[in-house]
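Each remark here refers to the structure printed beneath this line.
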Amino acid sequence: MYTLKFQNVTKRYGKEVVVDDLTFTVQPGRVTGFLGPNGAGKSTAMKILLDLAKADHGRASIGGTRYREMHDPARTVGVVLEPNAFHPGRTGRNHLRVLADGAGIAPGRIAEMLEAVGLGHAADRHVGGYSLGMRQRLGLAAALLGDPPVLVLDEPGNGLDPQGIRWLRDLLRERSAAGGTVFVSSHLLAEVEHLADEIVVLSHGQLVTTGTLAALQQAGTSVRTEAPAALAQLLKVAGATVHTGTEGELVVRGIGIAEIGDRACAAGIALHELSPQAGSLEELFLGWTSSDSTLAVNTDMNVATEPERQAVPL
Amino acid sequence: MTTMLRLVRGEIRKLTTTKLPWGFLAVLVVIAGLDAAVVAFATDMDGSKAFVATAADQQSLMAFAFNAMIGTSLFGAIAVAREYGHRTVVPMFLTSPNRVKAALAQLIAVLIGGAVLAFIGQALVVTGIALALPSTHHGFLVSAPDLARVFGATTFAGAIGAALGAGLGALIRNIGGAVTTAVLLLFVIPPLAAQLFSDAGSWIPTSLLAVISGVSPDVSVWAALLAAAAWAIVPAAAGLVAVHRRDVV
């Protein structure tokens with residue numbers, strides 16, 4: 001069982017802070033989605049975990065060990081990181097042969113993995129002639145070559161057709177059910193919603209929230225009032241994120257349902273509805289990653305409320 | 001199999017599964033053909049074939065070491081710099097997170113590739129000249145020990161050229177930049193240095209490889225071997241340091 005740990009990881013390129021004091025844990029036996037807008041620092045964080053980039057501060061480890069100290073990394077961690085990390089003039093089979101040679105993996109595993117990802121028919125074609133989806137499948141074959149218990153995948157669904165997405169989802173579910181650690185970044189929020197047990201959200205290099213998806217989706221409150229603007233202002237000052245819902249109600253995240261009621265009462269604002277609300281991942285994501293809400297979430301949302309496993313918006 | 005042997009094997013597989021070595025082999029065939037054509041059709045100013053009349057002349061004509069060093073420096077530079085261009089360094093360093101070990105394995109594989117290419121190039125040149133000599137009424141005069149020395153010098157030059165190129169490839173990480181720097185380092189800077197400092201002329205690659213090939217007595221063979229190796233060791237070591245210190249991507 002391998003737990004992935006980021007402890008106060010910071011990375012700068014020149015004066016730009018790309019990853020800012022990042023601390024979170026990815027548990028085994030779960031699929032953890034890694035979300036964030038473009039440039040949020042997800043790929044850099046993964047590169048630091050895999051020792052392809054050095055952190056300026058902090059430590060990232062896999063099962064308590066830094067990647068560079070692993071004795072047999074290819075059999076421990078499967079990685080999809082760069083979508084085009086192939087020589088276009090090399091065949092798919094030879095790409096895997098190079099990796100198998102370097103890692104000391106039996107050659108029989110190559111044909112097995114090519115068939116598993118549906119590339120058996122194209123194994124002896126040059127990678128330069130592959131479609132994006134085929135390259136993605138080859139990357140997955142490479143990641144699975146050593147049958148590793150940990151998978152670190154950056155946008156693995158890019159370019160895959162619906163059958164491929166389904167296959168990938170089943171594979172990751174199967175791996176996590178067997179006790180594997182699956183850490184996967186994706187822009188396909190609907191796919192993550194189907195797949196992930198937990199999510200980690202970054203924005204501007206900072207951790208915005210982490211926790212079980214189910215808990216986070218329940219963390220909002222639907223409020224109806226005759227004075228929505230006044231209430232929204234009041235709650236924002238208290239550190240909440242407030243959006244207007246599809247039916248004109250206020251959707252409040254960041255402070256608990258009781259506190260909303262207490263603050264409204266103290267301000268003399270009558271409430272017509274005050275109820276827990278489940279949001280879609282897309283709605284939540286947009287709320288978390290807009291600049292204002294990030295600030296609000298970072299300053300005040302430190303307390304989790306769900307009993308299953310604590311959702312910890314930071 | 002030890003980790004290093006596995007890594008070298010993987011790196012050799014990398015080199016042999018693209019068209020890069022075949023392209024260099026094609027160039028070597030062309031060079032050998034040109035050498036053969038020179039022997040068959042060229043003459044001295046007086047219309048004679050005096051330039052192949054003696055064993056020393058023939059050995060000098062066959063000595064391919066500096067050409068081999070130039071060629072394999074380009075081979076090494078392309079082989080390593082393209083890894084960064086194609087991002088294949090990512091799986092390379094994921095397979096072996098000990099970067100110095102992985103880069104050393106790559107250097108060894110490229111060095112072996114350079115030596116093999118140079119040896120084959122030398123064999124093609126010797127064969128071409130040997131096939132062309134009967135048309136000149138001169139026999140093949142180079143003795144077996146001298147021929148062995150020419151082959152040894154060229155193979156050595158191919159190895160150090162490839163190591164030099166690999167070091168530049170790891171430092172510069174861009175094919176165009178690495179190739180240009182290799183050409184500058186071997187073609188442009190040494191003659192300039194020789195003009196600026198009279199003693200430097202004995203220590204530039206052309207002079208050193210001529211000594212090693214047995215066609216010039218400028219300095220001792222051992223000194224020439226060490227100095228020629230230094231031309232590769234310095235950039236190769238700089239490349240290893242860069243690989244260790246810099247982020248991969």
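All residue names refer to the structure tokens as shown: chains lettered A, B, ... in order, residues numbered from 1 in each chain, ligands numbered from 1 in order.
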Extract, using only C-alpha atoms, all DNA, RNA and protein residues at most 7 Å from range 124-133 of chain B, discarding same-chain residues fewer than 5 positions from it, and format them as a list of chain:residue names.
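My list of contacting residues is B:Val29, B:Ala32, B:Gly33, B:Asp35, B:Ala36, B:Val39, B:Ala40, B:Met62, B:His138, B:Gly139, B:Phe140.
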At a cut-off of 10 Å, using only C-alpha atoms, what residues contact Gly180 in chain A? Leave out same-chain residues fewer than 6 positions from it and give the result as a PyMOL selection string.
chain A and resi 1-3+27-31+148-151+172-174
Rounded to one decimal, what separation in Å do you get between CA of Phe64 in chain B and CA of Ala229 in chain B?
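Pair CA of Phe64 in chain B / CA of Ala229 in chain B returns 17.0 Å.
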Using only C-alpha atoms, which of B:Asp46, B:Asp199, B:Glu83, B:Asp247 sits nearest chain A?
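Closest residue, counting only C-alpha atoms: B:Asp247.
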Using only C-alpha atoms, find which residues of chain B lie within 10 Å of chain A and jot them down as a PDB file with N, CA and C atoms, in the first residue's frame.
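Saved result, part11.pdb, follows:
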ATOM      1  N   MET B   1      21.197  -9.503 -14.410  1.00  0.00           N
ATOM      2  CA  MET B   1      21.822  -8.377 -15.108  1.00  0.00           C
ATOM      3  C   MET B   1      21.800  -7.135 -14.193  1.00  0.00           C
ATOM      4  N   THR B   2      22.910  -6.461 -14.086  1.00  0.00           N
ATOM      5  CA  THR B   2      22.946  -5.284 -13.207  1.00  0.00           C
ATOM      6  C   THR B   2      22.117  -4.152 -13.813  1.00  0.00           C
ATOM      7  N   THR B   3      21.782  -3.191 -12.959  1.00  0.00           N
ATOM      8  CA  THR B   3      20.986  -2.052 -13.431  1.00  0.00           C
ATOM      9  C   THR B   3      21.691  -1.339 -14.577  1.00  0.00           C
ATOM     10  N   MET B   4      22.989  -1.118 -14.449  1.00  0.00           N
ATOM     11  CA  MET B   4      23.707  -0.373 -15.485  1.00  0.00           C
ATOM     12  C   MET B   4      23.680  -1.117 -16.817  1.00  0.00           C
ATOM     13  N   LEU B   5      23.865  -2.430 -16.775  1.00  0.00           N
ATOM     14  CA  LEU B   5      23.825  -3.201 -18.027  1.00  0.00           C
ATOM     15  C   LEU B   5      22.447  -3.120 -18.671  1.00  0.00           C
ATOM     16  N   ARG B   6      21.414  -3.183 -17.819  1.00  0.00           N
ATOM     17  CA  ARG B   6      20.035  -3.084 -18.335  1.00  0.00           C
ATOM     18  C   ARG B   6      19.820  -1.732 -19.012  1.00  0.00           C
ATOM     19  N   LEU B   7      20.307  -0.697 -18.351  1.00  0.00           N
ATOM     20  CA  LEU B   7      20.112   0.648 -18.900  1.00  0.00           C
ATOM     21  C   LEU B   7      20.881   0.832 -20.207  1.00  0.00           C
ATOM     22  N   VAL B   8      22.101   0.322 -20.247  1.00  0.00           N
ATOM     23  CA  VAL B   8      22.891   0.435 -21.484  1.00  0.00           C
ATOM     24  C   VAL B   8      22.193  -0.333 -22.608  1.00  0.00           C
ATOM     25  N   ARG B   9      21.665  -1.492 -22.266  1.00  0.00           N
ATOM     26  CA  ARG B   9      20.952  -2.290 -23.267  1.00  0.00           C
ATOM     27  C   ARG B   9      19.748  -1.515 -23.816  1.00  0.00           C
ATOM     28  N   GLY B  10      19.005  -0.889 -22.910  1.00  0.00           N
ATOM     29  CA  GLY B  10      17.857  -0.074 -23.338  1.00  0.00           C
ATOM     30  C   GLY B  10      18.295   1.089 -24.219  1.00  0.00           C
ATOM     31  N   GLU B  11      19.413   1.707 -23.877  1.00  0.00           N
ATOM     32  CA  GLU B  11      19.905   2.843 -24.661  1.00  0.00           C
ATOM     33  C   GLU B  11      20.385   2.393 -26.042  1.00  0.00           C
ATOM     34  N   ILE B  12      21.017   1.218 -26.085  1.00  0.00           N
ATOM     35  CA  ILE B  12      21.444   0.695 -27.391  1.00  0.00           C
ATOM     36  C   ILE B  12      20.207   0.367 -28.235  1.00  0.00           C
ATOM     37  N   ARG B  13      19.178  -0.149 -27.584  1.00  0.00           N
ATOM     38  CA  ARG B  13      17.924  -0.426 -28.301  1.00  0.00           C
ATOM     39  C   ARG B  13      17.355   0.872 -28.873  1.00  0.00           C
ATOM     40  N   LYS B  14      17.442   1.941 -28.098  1.00  0.00           N
ATOM     41  CA  LYS B  14      16.958   3.236 -28.584  1.00  0.00           C
ATOM     42  C   LYS B  14      17.680   3.638 -29.872  1.00  0.00           C
ATOM     43  N   LEU B  15      19.018   3.482 -29.837  1.00  0.00           N
ATOM     44  CA  LEU B  15      19.806   3.925 -30.994  1.00  0.00           C
ATOM     45  C   LEU B  15      19.524   3.087 -32.232  1.00  0.00           C
ATOM     46  N   THR B  16      19.236   1.813 -32.019  1.00  0.00           N
ATOM     47  CA  THR B  16      19.099   0.912 -33.169  1.00  0.00           C
ATOM     48  C   THR B  16      17.659   0.808 -33.671  1.00  0.00           C
ATOM     49  N   THR B  17      16.734   1.487 -33.035  1.00  0.00           N
ATOM     50  CA  THR B  17      15.344   1.376 -33.476  1.00  0.00           C
ATOM     51  C   THR B  17      14.835   2.659 -34.145  1.00  0.00           C
ATOM     52  N   THR B  18      15.779   3.516 -34.538  1.00  0.00           N
ATOM     53  CA  THR B  18      15.396   4.663 -35.379  1.00  0.00           C
ATOM     54  C   THR B  18      16.344   4.672 -36.584  1.00  0.00           C
ATOM     55  N   LYS B  19      16.120   5.603 -37.485  1.00  0.00           N
ATOM     56  CA  LYS B  19      16.926   5.623 -38.716  1.00  0.00           C
ATOM     57  C   LYS B  19      18.263   6.339 -38.548  1.00  0.00           C
ATOM     58  N   LEU B  20      18.507   6.893 -37.351  1.00  0.00           N
ATOM     59  CA  LEU B  20      19.717   7.696 -37.150  1.00  0.00           C
ATOM     60  C   LEU B  20      21.003   6.965 -37.563  1.00  0.00           C
ATOM     61  N   ARG B  82      17.984  14.934 -29.147  1.00  0.00           N
ATOM     62  CA  ARG B  82      16.633  14.598 -29.617  1.00  0.00           C
ATOM     63  C   ARG B  82      15.785  14.017 -28.493  1.00  0.00           C
ATOM     64  N   GLU B  83      16.438  13.442 -27.488  1.00  0.00           N
ATOM     65  CA  GLU B  83      15.689  12.905 -26.346  1.00  0.00           C
ATOM     66  C   GLU B  83      14.907  14.018 -25.639  1.00  0.00           C
ATOM     67  N   TYR B  84      15.517  15.197 -25.614  1.00  0.00           N
ATOM     68  CA  TYR B  84      14.824  16.333 -24.983  1.00  0.00           C
ATOM     69  C   TYR B  84      13.763  16.885 -25.929  1.00  0.00           C
ATOM     70  N   GLY B  85      14.093  16.917 -27.227  1.00  0.00           N
ATOM     71  CA  GLY B  85      13.131  17.406 -28.210  1.00  0.00           C
ATOM     72  C   GLY B  85      11.879  16.545 -28.261  1.00  0.00           C
ATOM     73  N   HIS B  86      12.065  15.251 -28.224  1.00  0.00           N
ATOM     74  CA  HIS B  86      10.916  14.325 -28.290  1.00  0.00           C
ATOM     75  C   HIS B  86      10.372  13.998 -26.906  1.00  0.00           C
ATOM     76  N   ARG B  87      10.984  14.542 -25.881  1.00  0.00           N
ATOM     77  CA  ARG B  87      10.564  14.313 -24.489  1.00  0.00           C
ATOM     78  C   ARG B  87      10.721  12.853 -24.068  1.00  0.00           C
ATOM     79  N   THR B  88      11.518  12.077 -24.796  1.00  0.00           N
ATOM     80  CA  THR B  88      11.721  10.689 -24.389  1.00  0.00           C
ATOM     81  C   THR B  88      12.647  10.591 -23.180  1.00  0.00           C
ATOM     82  N   VAL B  89      13.176  11.739 -22.754  1.00  0.00           N
ATOM     83  CA  VAL B  89      13.926  11.727 -21.486  1.00  0.00           C
ATOM     84  C   VAL B  89      13.001  11.441 -20.308  1.00  0.00           C
ATOM     85  N   VAL B  90      11.708  11.746 -20.478  1.00  0.00           N
ATOM     86  CA  VAL B  90      10.781  11.534 -19.358  1.00  0.00           C
ATOM     87  C   VAL B  90      10.700  10.043 -19.006  1.00  0.00           C
ATOM     88  N   PRO B  91      10.340   9.157 -19.971  1.00  0.00           N
ATOM     89  CA  PRO B  91      10.372   7.733 -19.603  1.00  0.00           C
ATOM     90  C   PRO B  91      11.761   7.242 -19.210  1.00  0.00           C
ATOM     91  N   MET B  92      12.790   7.861 -19.804  1.00  0.00           N
ATOM     92  CA  MET B  92      14.164   7.436 -19.472  1.00  0.00           C
ATOM     93  C   MET B  92      14.465   7.654 -17.987  1.00  0.00           C
ATOM     94  N   PHE B  93      14.140   8.862 -17.495  1.00  0.00           N
ATOM     95  CA  PHE B  93      14.446   9.150 -16.092  1.00  0.00           C
ATOM     96  C   PHE B  93      13.386   8.595 -15.144  1.00  0.00           C
ATOM     97  N   LEU B  94      12.238   8.203 -15.658  1.00  0.00           N
ATOM     98  CA  LEU B  94      11.275   7.506 -14.800  1.00  0.00           C
ATOM     99  C   LEU B  94      11.734   6.071 -14.586  1.00  0.00           C
ATOM    100  N   THR B  95      12.316   5.482 -15.621  1.00  0.00           N
ATOM    101  CA  THR B  95      12.836   4.114 -15.489  1.00  0.00           C
ATOM    102  C   THR B  95      14.032   4.096 -14.551  1.00  0.00           C
ATOM    103  N   SER B  96      14.865   5.114 -14.661  1.00  0.00           N
ATOM    104  CA  SER B  96      16.037   5.196 -13.786  1.00  0.00           C
ATOM    105  C   SER B  96      16.100   6.587 -13.158  1.00  0.00           C
ATOM    106  N   PRO B  97      15.485   6.765 -11.991  1.00  0.00           N
ATOM    107  CA  PRO B  97      15.492   8.097 -11.384  1.00  0.00           C
ATOM    108  C   PRO B  97      16.868   8.569 -10.946  1.00  0.00           C
ATOM    109  N   ASN B  98      17.829   7.638 -10.862  1.00  0.00           N
ATOM    110  CA  ASN B  98      19.213   8.061 -10.627  1.00  0.00           C
ATOM    111  C   ASN B  98      19.724   8.627 -11.954  1.00  0.00           C
ATOM    112  N   ARG B  99      19.638   9.945 -12.074  1.00  0.00           N
ATOM    113  CA  ARG B  99      19.869  10.575 -13.374  1.00  0.00           C
ATOM    114  C   ARG B  99      21.286  10.385 -13.884  1.00  0.00           C
ATOM    115  N   ALA B 102      21.555   6.977 -15.349  1.00  0.00           N
ATOM    116  CA  ALA B 102      20.845   6.890 -16.625  1.00  0.00           C
ATOM    117  C   ALA B 102      21.614   7.619 -17.728  1.00  0.00           C
ATOM    118  N   ALA B 105      24.671   5.665 -18.694  1.00  0.00           N
ATOM    119  CA  ALA B 105      24.301   4.529 -19.565  1.00  0.00           C
ATOM    120  C   ALA B 105      24.096   5.025 -20.993  1.00  0.00           C
ATOM    121  N   ARG B 245      21.785  18.382 -12.214  1.00  0.00           N
ATOM    122  CA  ARG B 245      21.342  19.609 -11.536  1.00  0.00           C
ATOM    123  C   ARG B 245      20.031  20.167 -12.062  1.00  0.00           C
ATOM    124  N   ARG B 246      19.821  20.059 -13.359  1.00  0.00           N
ATOM    125  CA  ARG B 246      18.649  20.721 -13.939  1.00  0.00           C
ATOM    126  C   ARG B 246      17.396  19.862 -13.817  1.00  0.00           C
ATOM    127  N   ASP B 247      16.243  20.517 -13.886  1.00  0.00           N
ATOM    128  CA  ASP B 247      14.997  19.776 -14.010  1.00  0.00           C
ATOM    129  C   ASP B 247      14.983  19.071 -15.357  1.00  0.00           C
ATOM    130  N   VAL B 248      14.338  17.909 -15.391  1.00  0.00           N
ATOM    131  CA  VAL B 248      14.294  17.141 -16.645  1.00  0.00           C
ATOM    132  C   VAL B 248      13.389  17.847 -17.651  1.00  0.00           C
ATOM    133  N   VAL B 249      12.207  18.218 -17.207  1.00  0.00           N
ATOM    134  CA  VAL B 249      11.256  18.924 -18.092  1.00  0.00           C
ATOM    135  C   VAL B 249      10.648  20.088 -17.323  1.00  0.00           C
TER     136      VAL B 249
END
Could you give me, as number ranges by chain, the residues within 6 Å of range 53-57 of chain B, counting only C-alpha atoms and dropping anything in the same chain fewer than 2 positions from it?
B: 50-51, 59-60, 141-142
So the first atom is CA of Asp170 in chain A and the second is CA of Ser131 in chain A; what is the distance between them in Å, to one decimal place?
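Result for CA of Asp170 in chain A versus CA of Ser131 in chain A: 22.3 Å, one decimal.
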Range 25-263 of chain A: which residues are strand (DSSP E) by DSSP, as number ranges by chain?
A: 25-26, 31-35, 57-62, 77-80, 150-154, 181-185, 198-203, 206-212, 220-225, 241-244, 250-253
Identify all residues of range 147-278 of chain A in helix (DSSP H, G or I) (DSSP on the backbone) and supply them as a PyMOL selection string.
chain A and resi 162-177+189-195+213-217+228-237+257-266
